[in-house]
Amino acid sequence: MVGALATSAALALVLTSCAESERDSDTGDANDDSAATGTEDGAAGGEASSDATFIFGAAGAPATFDPFYASDGESFRISRQIYQNLIGIEEGGTEGVPELATSWEGSEDGLTWTFELQDGVTFHDGTPFDAEAVCYNFERWADQNEVGQSPAMAYYYGNDFGFGEDSLYESCEAVDDLTAEVTVSRVTGKFPMVLSQSSYAIQSPTALEEYNANDVQAEGDAFVFPEYDEHPTGTGPFMFESYDNAGGTVTLTRNEDYWGEPAGVAELVFKIVPDENARRQELQAGTIHGYDLPNPVDWQGLEDDGNQVLIRDPFNILYLGLNPIADPQLADPLVRQALYHAINREQLVSSQLPEGATVATQFMPDTVSGYDGSLEAYEYDVEKAQQLLEEAGKSDLEIDLWYPTEVTRPYLPDPQRVYDAVKSDWEAAGITVNPISKPWAGGYIDGAQTSQAPAYFLGWTGDLNSADNFLCAFFCGDENAFGTSEYDWHDELQESLTAADAEPDEDTRTGMYEELNAQIMSEDWLPGLPISHSPPAIVVAENVEGLVPSPLTAEDFSTVTISE
């Protein structure tokens, strides 16, 4: 899922190389009110119509239709409907389940994995899905040009596999038509479950080759995607029909030759409506059937109007990060401790976050293996915060606190209000706070990721049930957003992350992550303060049925029907 930290401003802004498909089936006008409210496609009441159009209000335009190069939630939301992975995610949960692979098994040394594949599956262009297609995709991921290997493009692959001699990927062999054997270079707890992430969707080798899928290019600060971006081709329940950039709509149509249960609607339209209030108004007007992340203050009103507010289980973390590279004062653990003791998180969570949000004790939710249940929430104590600052010689501490604008995140529904709460708490402890606000895709993410922000709010929605998916996203590498390279324990942190991920025994690995969580939250380390886990919502109209909310915000729209 799109984790927020993974969002690339460059990708979010680049809409190049997107155009209408050459498929000639008539999809109708996505802006036509009859399509939205469904005089034929489904006004409230009655039975579901298989000819219906489901219109979803998207918060932004997709950066790309090739999930390998995506790192933003809007791109992944669309690609999940077009493509499928070897390993899927259970409906409404976080565990891996068979999808294009019926089963998988690892060798005794944990280096070779055998995948048995679904029979009778074809890609949207008629290409057979088989072991050769699987290996083609693995080789394609690894064989990127210099631009394709950049973090702004292959963010997930760079983190999960890496390129070159140190890559986790070793080889793939088609043992027979329905058996693929993948070899990795080292034991890792993330494989093979990492293959459930949207970036590793299996795509048609024919289309990838015909449209030169790996020929991504840089032009100044932007990226130009190859022709393949106009022809995304997967095995999923919906097929790409068109992208109307000017009109702000992406149209998908039902895959009539789908190997599984056919989609419940004939057409799926993503209507780009950047403003959250505008999305709510469009839902009320009947011009869209649903949208994601409604503001918690609107939940009751939406339900009172007859809509369905579907609450997801929390599988995320909101945290306050501190970076000593941006502000050397933060290298002192006493200063970091003071800043955290000064925040009344109980009050913040109960007053500023949705019902069901909980105070976090560590950088992952309690459903992830490796969570240390013995850790307690960091104590709110203003007097102690002041004493620590005095001991550090920083009684007059002044700090820049960053918060994002033009965004709603699953863990941060209203950034301004969360900022105001922390600012008020810090000022009560005698700390001078300088507000720094930047648009989410206009400098905020880039600034936080490149150690420009001394103190900032960020978070993460897990991509899969893995401790590494949380902790490594935050702390791996010498250039992580917490600036841990400035601390004398940085090398120990990196070694611990690597060792835990490489431990083959699941119980031992779980214990290693529990110990690491405790160490990260110790007074000596404490690189950031986990704030909360929030249950985000998705809202749909009264006549929409069958949508199952996903903790990963990875909903499958093929189960949706619209009643007439």
# chains A, B, ... in the order shown; residues from 1 in each chain; ligands from 1
call {"tool": "closest_atom_pairs", "arguments": {"of": "stretch 417-487 of chain A", "to": "stretch 533-548 of chain A", "cutoff": "10 Å", "atoms": "only C-alpha atoms", "output": "Markdown table"}}
result
| residue | atom | partner | partner_atom | distance |
| --- | --- | --- | --- | --- |
| A:Gly459 | CA | A:His533 | CA | 9.6 |
| A:Trp460 | CA | A:His533 | CA | 9.8 |
| A:Thr461 | CA | A:His533 | CA | 9.6 |
call {"tool": "closest_atom_pairs", "arguments": {"of": "stretch 392-507 of chain A", "to": "stretch 153-162 of chain A", "cutoff": "12 Å", "atoms": "only C-alpha atoms", "output": "CSV"}}
result
residue,atom,partner,partner_atom,distance
A:Asp463,CA,A:Tyr156,CA,10.4
A:Asp468,CA,A:Asp160,CA,9.7
A:Asn469,CA,A:Asp160,CA,9.0
A:Phe470,CA,A:Asn159,CA,11.9
A:Cys472,CA,A:Asn159,CA,8.5
A:Ala473,CA,A:Asn159,CA,8.0
A:Phe474,CA,A:Asn159,CA,11.2
A:Phe475,CA,A:Asn159,CA,11.6
A:Cys476,CA,A:Asn159,CA,8.9
A:Gly477,CA,A:Asn159,CA,9.6
A:Asn480,CA,A:Asn159,CA,11.8
A:Asp501,CA,A:Asp160,CA,11.2
call {"tool": "write_last_selection", "arguments": {"atoms": "all heavy atoms", "output": "mmCIF file, in the first residue's frame"}}
result
data_model
loop_
_atom_site.group_PDB
_atom_site.id
_atom_site.type_symbol
_atom_site.label_atom_id
_atom_site.label_comp_id
_atom_site.auth_asym_id
_atom_site.auth_seq_id
_atom_site.Cartn_x
_atom_site.Cartn_y
_atom_site.Cartn_z
ATOM 1 N N ASP A 463 2.365 -2.400 4.020
ATOM 2 C CA ASP A 463 2.106 -3.071 2.751
ATOM 3 C C ASP A 463 1.815 -4.547 2.946
ATOM 4 O O ASP A 463 1.177 -5.180 2.104
ATOM 5 C CB ASP A 463 3.313 -2.934 1.817
ATOM 6 C CG ASP A 463 3.617 -1.492 1.480
ATOM 7 O OD1 ASP A 463 2.745 -0.821 0.914
ATOM 8 O OD2 ASP A 463 4.728 -1.029 1.792
ATOM 9 N N ASP A 468 9.748 -5.952 9.164
ATOM 10 C CA ASP A 468 10.712 -5.288 8.287
ATOM 11 C C ASP A 468 10.034 -4.225 7.436
ATOM 12 O O ASP A 468 10.613 -3.170 7.173
ATOM 13 C CB ASP A 468 11.387 -6.326 7.382
ATOM 14 C CG ASP A 468 12.349 -5.702 6.388
ATOM 15 O OD1 ASP A 468 13.496 -5.429 6.784
ATOM 16 O OD2 ASP A 468 11.956 -5.484 5.230
ATOM 17 N N ASN A 469 8.792 -4.466 7.023
ATOM 18 C CA ASN A 469 8.069 -3.509 6.194
ATOM 19 C C ASN A 469 7.846 -2.195 6.923
ATOM 20 O O ASN A 469 7.743 -1.139 6.296
ATOM 21 C CB ASN A 469 6.733 -4.104 5.752
ATOM 22 C CG ASN A 469 5.978 -3.200 4.804
ATOM 23 O OD1 ASN A 469 4.941 -2.646 5.147
ATOM 24 N ND2 ASN A 469 6.501 -3.049 3.587
ATOM 25 N N PHE A 470 7.790 -2.231 8.245
ATOM 26 C CA PHE A 470 7.674 -1.010 9.039
ATOM 27 C C PHE A 470 9.059 -0.460 9.406
ATOM 28 O O PHE A 470 9.426 0.651 9.017
ATOM 29 C CB PHE A 470 6.857 -1.270 10.306
ATOM 30 C CG PHE A 470 5.373 -1.335 10.065
ATOM 31 C CD1 PHE A 470 4.772 -2.518 9.672
ATOM 32 C CD2 PHE A 470 4.577 -0.217 10.224
ATOM 33 C CE1 PHE A 470 3.411 -2.591 9.433
ATOM 34 C CE2 PHE A 470 3.213 -0.258 9.995
ATOM 35 C CZ PHE A 470 2.622 -1.451 9.593
ATOM 36 N N CYS A 472 12.223 -1.165 8.604
ATOM 37 C CA CYS A 472 13.208 -0.855 7.577
ATOM 38 C C CYS A 472 12.776 0.361 6.766
ATOM 39 O O CYS A 472 13.610 1.151 6.314
ATOM 40 C CB CYS A 472 13.430 -2.049 6.667
ATOM 41 S SG CYS A 472 14.897 -1.902 5.616
ATOM 42 N N ALA A 473 11.468 0.533 6.590
ATOM 43 C CA ALA A 473 10.979 1.714 5.878
ATOM 44 C C ALA A 473 11.403 2.996 6.588
ATOM 45 O O ALA A 473 11.645 4.023 5.954
ATOM 46 C CB ALA A 473 9.461 1.658 5.762
ATOM 47 N N PHE A 474 11.513 2.930 7.909
ATOM 48 C CA PHE A 474 11.877 4.117 8.671
ATOM 49 C C PHE A 474 13.381 4.272 8.856
ATOM 50 O O PHE A 474 13.932 5.367 8.710
ATOM 51 C CB PHE A 474 11.223 4.071 10.062
ATOM 52 C CG PHE A 474 9.741 3.869 10.037
ATOM 53 C CD1 PHE A 474 9.125 3.054 10.976
ATOM 54 C CD2 PHE A 474 8.950 4.482 9.076
ATOM 55 C CE1 PHE A 474 7.754 2.867 10.964
ATOM 56 C CE2 PHE A 474 7.574 4.297 9.057
ATOM 57 C CZ PHE A 474 6.974 3.482 10.001
ATOM 58 N N PHE A 475 14.061 3.183 9.192
ATOM 59 C CA PHE A 475 15.402 3.298 9.755
ATOM 60 C C PHE A 475 16.527 2.680 8.930
ATOM 61 O O PHE A 475 17.694 2.849 9.282
ATOM 62 C CB PHE A 475 15.420 2.677 11.161
ATOM 63 C CG PHE A 475 14.416 3.284 12.097
ATOM 64 C CD1 PHE A 475 13.409 2.509 12.653
ATOM 65 C CD2 PHE A 475 14.466 4.632 12.405
ATOM 66 C CE1 PHE A 475 12.482 3.059 13.521
ATOM 67 C CE2 PHE A 475 13.542 5.203 13.270
ATOM 68 C CZ PHE A 475 12.545 4.419 13.830
ATOM 69 N N CYS A 476 16.211 1.949 7.873
ATOM 70 C CA CYS A 476 17.290 1.329 7.102
ATOM 71 C C CYS A 476 18.079 2.371 6.312
ATOM 72 O O CYS A 476 17.514 3.337 5.797
ATOM 73 C CB CYS A 476 16.728 0.287 6.132
ATOM 74 S SG CYS A 476 16.447 -1.344 6.877
ATOM 75 N N GLY A 477 19.369 2.147 6.213
ATOM 76 C CA GLY A 477 20.213 2.978 5.365
ATOM 77 C C GLY A 477 20.852 4.150 6.086
ATOM 78 O O GLY A 477 20.421 4.567 7.166
ATOM 79 N N ASN A 480 18.424 7.694 6.066
ATOM 80 C CA ASN A 480 17.016 7.627 6.436
ATOM 81 C C ASN A 480 16.532 8.975 6.976
ATOM 82 O O ASN A 480 17.328 9.848 7.322
ATOM 83 C CB ASN A 480 16.760 6.499 7.443
ATOM 84 C CG ASN A 480 17.518 6.683 8.744
ATOM 85 O OD1 ASN A 480 17.315 7.649 9.469
ATOM 86 N ND2 ASN A 480 18.412 5.739 9.045
ATOM 87 N N ASP A 501 16.096 -9.485 9.824
ATOM 88 C CA ASP A 501 15.507 -9.838 8.539
ATOM 89 C C ASP A 501 16.091 -11.136 7.996
ATOM 90 O O ASP A 501 15.407 -11.905 7.315
ATOM 91 C CB ASP A 501 15.731 -8.702 7.537
ATOM 92 C CG ASP A 501 15.162 -9.019 6.170
ATOM 93 O OD1 ASP A 501 13.966 -9.326 6.086
ATOM 94 O OD2 ASP A 501 15.927 -8.974 5.189
#
call {"tool": "atom_distance", "arguments": {"atom1": "atom CA of A:Gly264", "atom2": "atom CA of A:Ile82"}}
result
14.6 Å
call {"tool": "closest_residue", "arguments": {"among": "A:Ser242, A:Asn137, A:Asn212, A:Thr112", "to": "A:Leu168", "atoms": "only C-alpha atoms"}}
result
A:Thr112
call {"tool": "select_by_dssp", "arguments": {"residues": "stretch 232-422 of chain A", "states": "strand (DSSP E)", "output": "PyMOL selection string"}}
result
chain A and resi 238-244+249-254+267-272+290-292+308-311+316-322+358-359+398-405
call {"tool": "write_last_selection", "arguments": {"atoms": "N, CA and C atoms", "output": "compact mmCIF listing (two decimals), in the first residue's frame"}}
result
# COMPACT_ATOMS: atom_id res chain seq x y z
N PHE A 238 -10.51 -6.11 -14.16
CA PHE A 238 -10.80 -4.95 -14.99
C PHE A 238 -9.65 -4.71 -15.97
N MET A 239 -10.00 -4.14 -17.14
CA MET A 239 -9.02 -3.80 -18.16
C MET A 239 -8.97 -2.28 -18.33
N PHE A 240 -7.79 -1.79 -18.63
CA PHE A 240 -7.61 -0.36 -18.88
C PHE A 240 -8.34 0.04 -20.16
N GLU A 241 -9.14 1.11 -20.08
CA GLU A 241 -9.85 1.61 -21.26
C GLU A 241 -9.30 2.96 -21.69
N SER A 242 -9.22 3.93 -20.78
CA SER A 242 -8.75 5.25 -21.18
C SER A 242 -8.38 6.09 -19.96
N TYR A 243 -7.54 7.06 -20.22
CA TYR A 243 -7.23 8.10 -19.23
C TYR A 243 -7.48 9.45 -19.89
N ASP A 244 -8.50 10.14 -19.43
CA ASP A 244 -8.81 11.47 -19.92
C ASP A 244 -8.13 12.46 -18.97
N THR A 249 -10.46 11.78 -15.57
CA THR A 249 -11.08 10.47 -15.33
C THR A 249 -10.22 9.34 -15.89
N VAL A 250 -10.22 8.24 -15.17
CA VAL A 250 -9.61 6.99 -15.63
C VAL A 250 -10.75 5.97 -15.73
N THR A 251 -10.86 5.33 -16.88
CA THR A 251 -11.95 4.39 -17.10
C THR A 251 -11.40 2.98 -17.31
N LEU A 252 -11.95 2.04 -16.54
CA LEU A 252 -11.64 0.62 -16.69
C LEU A 252 -12.93 -0.10 -17.05
N THR A 253 -12.81 -1.19 -17.80
CA THR A 253 -13.99 -1.99 -18.15
C THR A 253 -13.81 -3.42 -17.67
N ARG A 254 -14.91 -4.09 -17.46
CA ARG A 254 -14.87 -5.45 -16.96
C ARG A 254 -14.16 -6.38 -17.94
N GLU A 267 -18.31 -1.22 -15.65
CA GLU A 267 -17.35 -0.12 -15.83
C GLU A 267 -16.97 0.45 -14.48
N LEU A 268 -15.69 0.77 -14.35
CA LEU A 268 -15.16 1.37 -13.14
C LEU A 268 -14.45 2.67 -13.54
N VAL A 269 -14.94 3.78 -13.00
CA VAL A 269 -14.39 5.09 -13.35
C VAL A 269 -13.81 5.74 -12.10
N PHE A 270 -12.58 6.21 -12.21
CA PHE A 270 -11.96 6.99 -11.15
C PHE A 270 -12.02 8.46 -11.57
N LYS A 271 -12.80 9.23 -10.86
CA LYS A 271 -12.97 10.65 -11.14
C LYS A 271 -12.10 11.44 -10.18
N ILE A 272 -11.18 12.20 -10.71
CA ILE A 272 -10.19 12.89 -9.88
C ILE A 272 -10.80 14.16 -9.31
N GLY A 290 -18.48 6.88 -4.21
CA GLY A 290 -17.68 6.70 -3.01
C GLY A 290 -16.36 7.44 -3.11
N TYR A 291 -15.68 7.53 -1.98
CA TYR A 291 -14.33 8.10 -1.95
C TYR A 291 -13.62 7.63 -0.69
N ASP A 292 -12.32 7.84 -0.66
CA ASP A 292 -11.50 7.33 0.44
C ASP A 292 -11.19 8.43 1.45
N GLN A 308 -22.66 4.82 3.56
CA GLN A 308 -22.03 3.79 4.38
C GLN A 308 -20.57 4.18 4.65
N VAL A 309 -20.26 4.45 5.89
CA VAL A 309 -18.88 4.74 6.28
C VAL A 309 -18.27 3.43 6.80
N LEU A 310 -17.38 2.86 6.01
CA LEU A 310 -16.79 1.57 6.33
C LEU A 310 -15.44 1.79 7.00
N ILE A 311 -15.32 1.33 8.23
CA ILE A 311 -14.12 1.58 9.04
C ILE A 311 -13.15 0.42 8.86
N ASN A 316 -1.52 1.03 10.68
CA ASN A 316 -0.68 2.18 10.33
C ASN A 316 -0.03 2.77 11.57
N ILE A 317 0.79 3.75 11.34
CA ILE A 317 1.45 4.46 12.44
C ILE A 317 1.63 5.92 12.04
N LEU A 318 1.25 6.82 12.93
CA LEU A 318 1.60 8.25 12.82
C LEU A 318 2.71 8.50 13.81
N TYR A 319 3.75 9.19 13.37
CA TYR A 319 4.86 9.48 14.27
C TYR A 319 5.37 10.89 14.09
N LEU A 320 6.06 11.37 15.10
CA LEU A 320 6.80 12.64 15.05
C LEU A 320 8.27 12.29 14.91
N GLY A 321 8.87 12.69 13.82
CA GLY A 321 10.28 12.42 13.59
C GLY A 321 11.14 13.61 13.98
N LEU A 322 12.34 13.32 14.47
CA LEU A 322 13.34 14.36 14.75
C LEU A 322 14.60 14.01 13.98
N THR A 358 -5.64 4.70 18.79
CA THR A 358 -4.97 4.36 20.04
C THR A 358 -3.58 4.98 20.09
N VAL A 359 -3.08 5.22 21.29
CA VAL A 359 -1.74 5.74 21.49
C VAL A 359 -0.74 4.63 21.18
N GLU A 398 14.40 26.42 20.76
CA GLU A 398 13.58 26.87 19.65
C GLU A 398 13.71 25.85 18.53
N ILE A 399 12.58 25.47 17.92
CA ILE A 399 12.62 24.39 16.92
C ILE A 399 11.62 24.64 15.81
N ASP A 400 11.99 24.25 14.60
CA ASP A 400 11.08 24.28 13.45
C ASP A 400 10.26 23.00 13.44
N LEU A 401 8.95 23.14 13.39
CA LEU A 401 8.05 21.98 13.33
C LEU A 401 7.31 22.00 12.00
N TRP A 402 7.57 20.98 11.17
CA TRP A 402 6.96 20.88 9.84
C TRP A 402 5.64 20.14 9.90
N TYR A 403 4.68 20.58 9.08
CA TYR A 403 3.45 19.81 8.89
C TYR A 403 2.98 20.00 7.45
N PRO A 404 2.30 18.99 6.88
CA PRO A 404 1.92 19.04 5.46
C PRO A 404 0.58 19.72 5.24
N THR A 405 0.42 20.28 4.06
CA THR A 405 -0.86 20.83 3.63
C THR A 405 -1.30 20.08 2.36
call {"tool": "closest_residue", "arguments": {"among": "A:Trp426, A:Glu503, A:Thr235, A:Ala455", "to": "A:Phe191", "atoms": "only C-alpha atoms"}}
result
A:Glu503
call {"tool": "residues_around", "arguments": {"residues": "A:Asn277", "least_positions_apart": "4", "cutoff": "10 Å", "atoms": "only C-alpha atoms", "output": "CSV table (one decimal) with N, CA and C atoms, in the first residue's frame"}}
result
chain,number,residue,atom,x,y,z
A,273,VAL,N,-10.9,14.2,-8.0
A,273,VAL,CA,-11.5,15.3,-7.3
A,273,VAL,C,-10.6,15.6,-6.1
A,281,GLN,N,-19.2,16.5,-1.3
A,281,GLN,CA,-20.4,17.2,-2.0
A,281,GLN,C,-20.8,16.4,-3.2
A,282,GLU,N,-19.8,15.8,-3.9
A,282,GLU,CA,-20.1,15.0,-5.1
A,282,GLU,C,-20.8,13.7,-4.7
A,283,LEU,N,-20.4,13.1,-3.6
A,283,LEU,CA,-21.1,11.9,-3.1
A,283,LEU,C,-22.6,12.3,-2.7
A,294,PRO,N,-12.7,9.8,4.2
A,294,PRO,CA,-13.5,11.0,4.6
A,294,PRO,C,-13.0,11.5,6.0
A,295,ASN,N,-13.1,12.8,6.1
A,295,ASN,CA,-12.6,13.4,7.4
A,295,ASN,C,-13.5,12.9,8.5
A,298,ASP,N,-16.8,14.3,9.5
A,298,ASP,CA,-17.9,14.1,8.5
A,298,ASP,C,-18.6,12.8,8.6
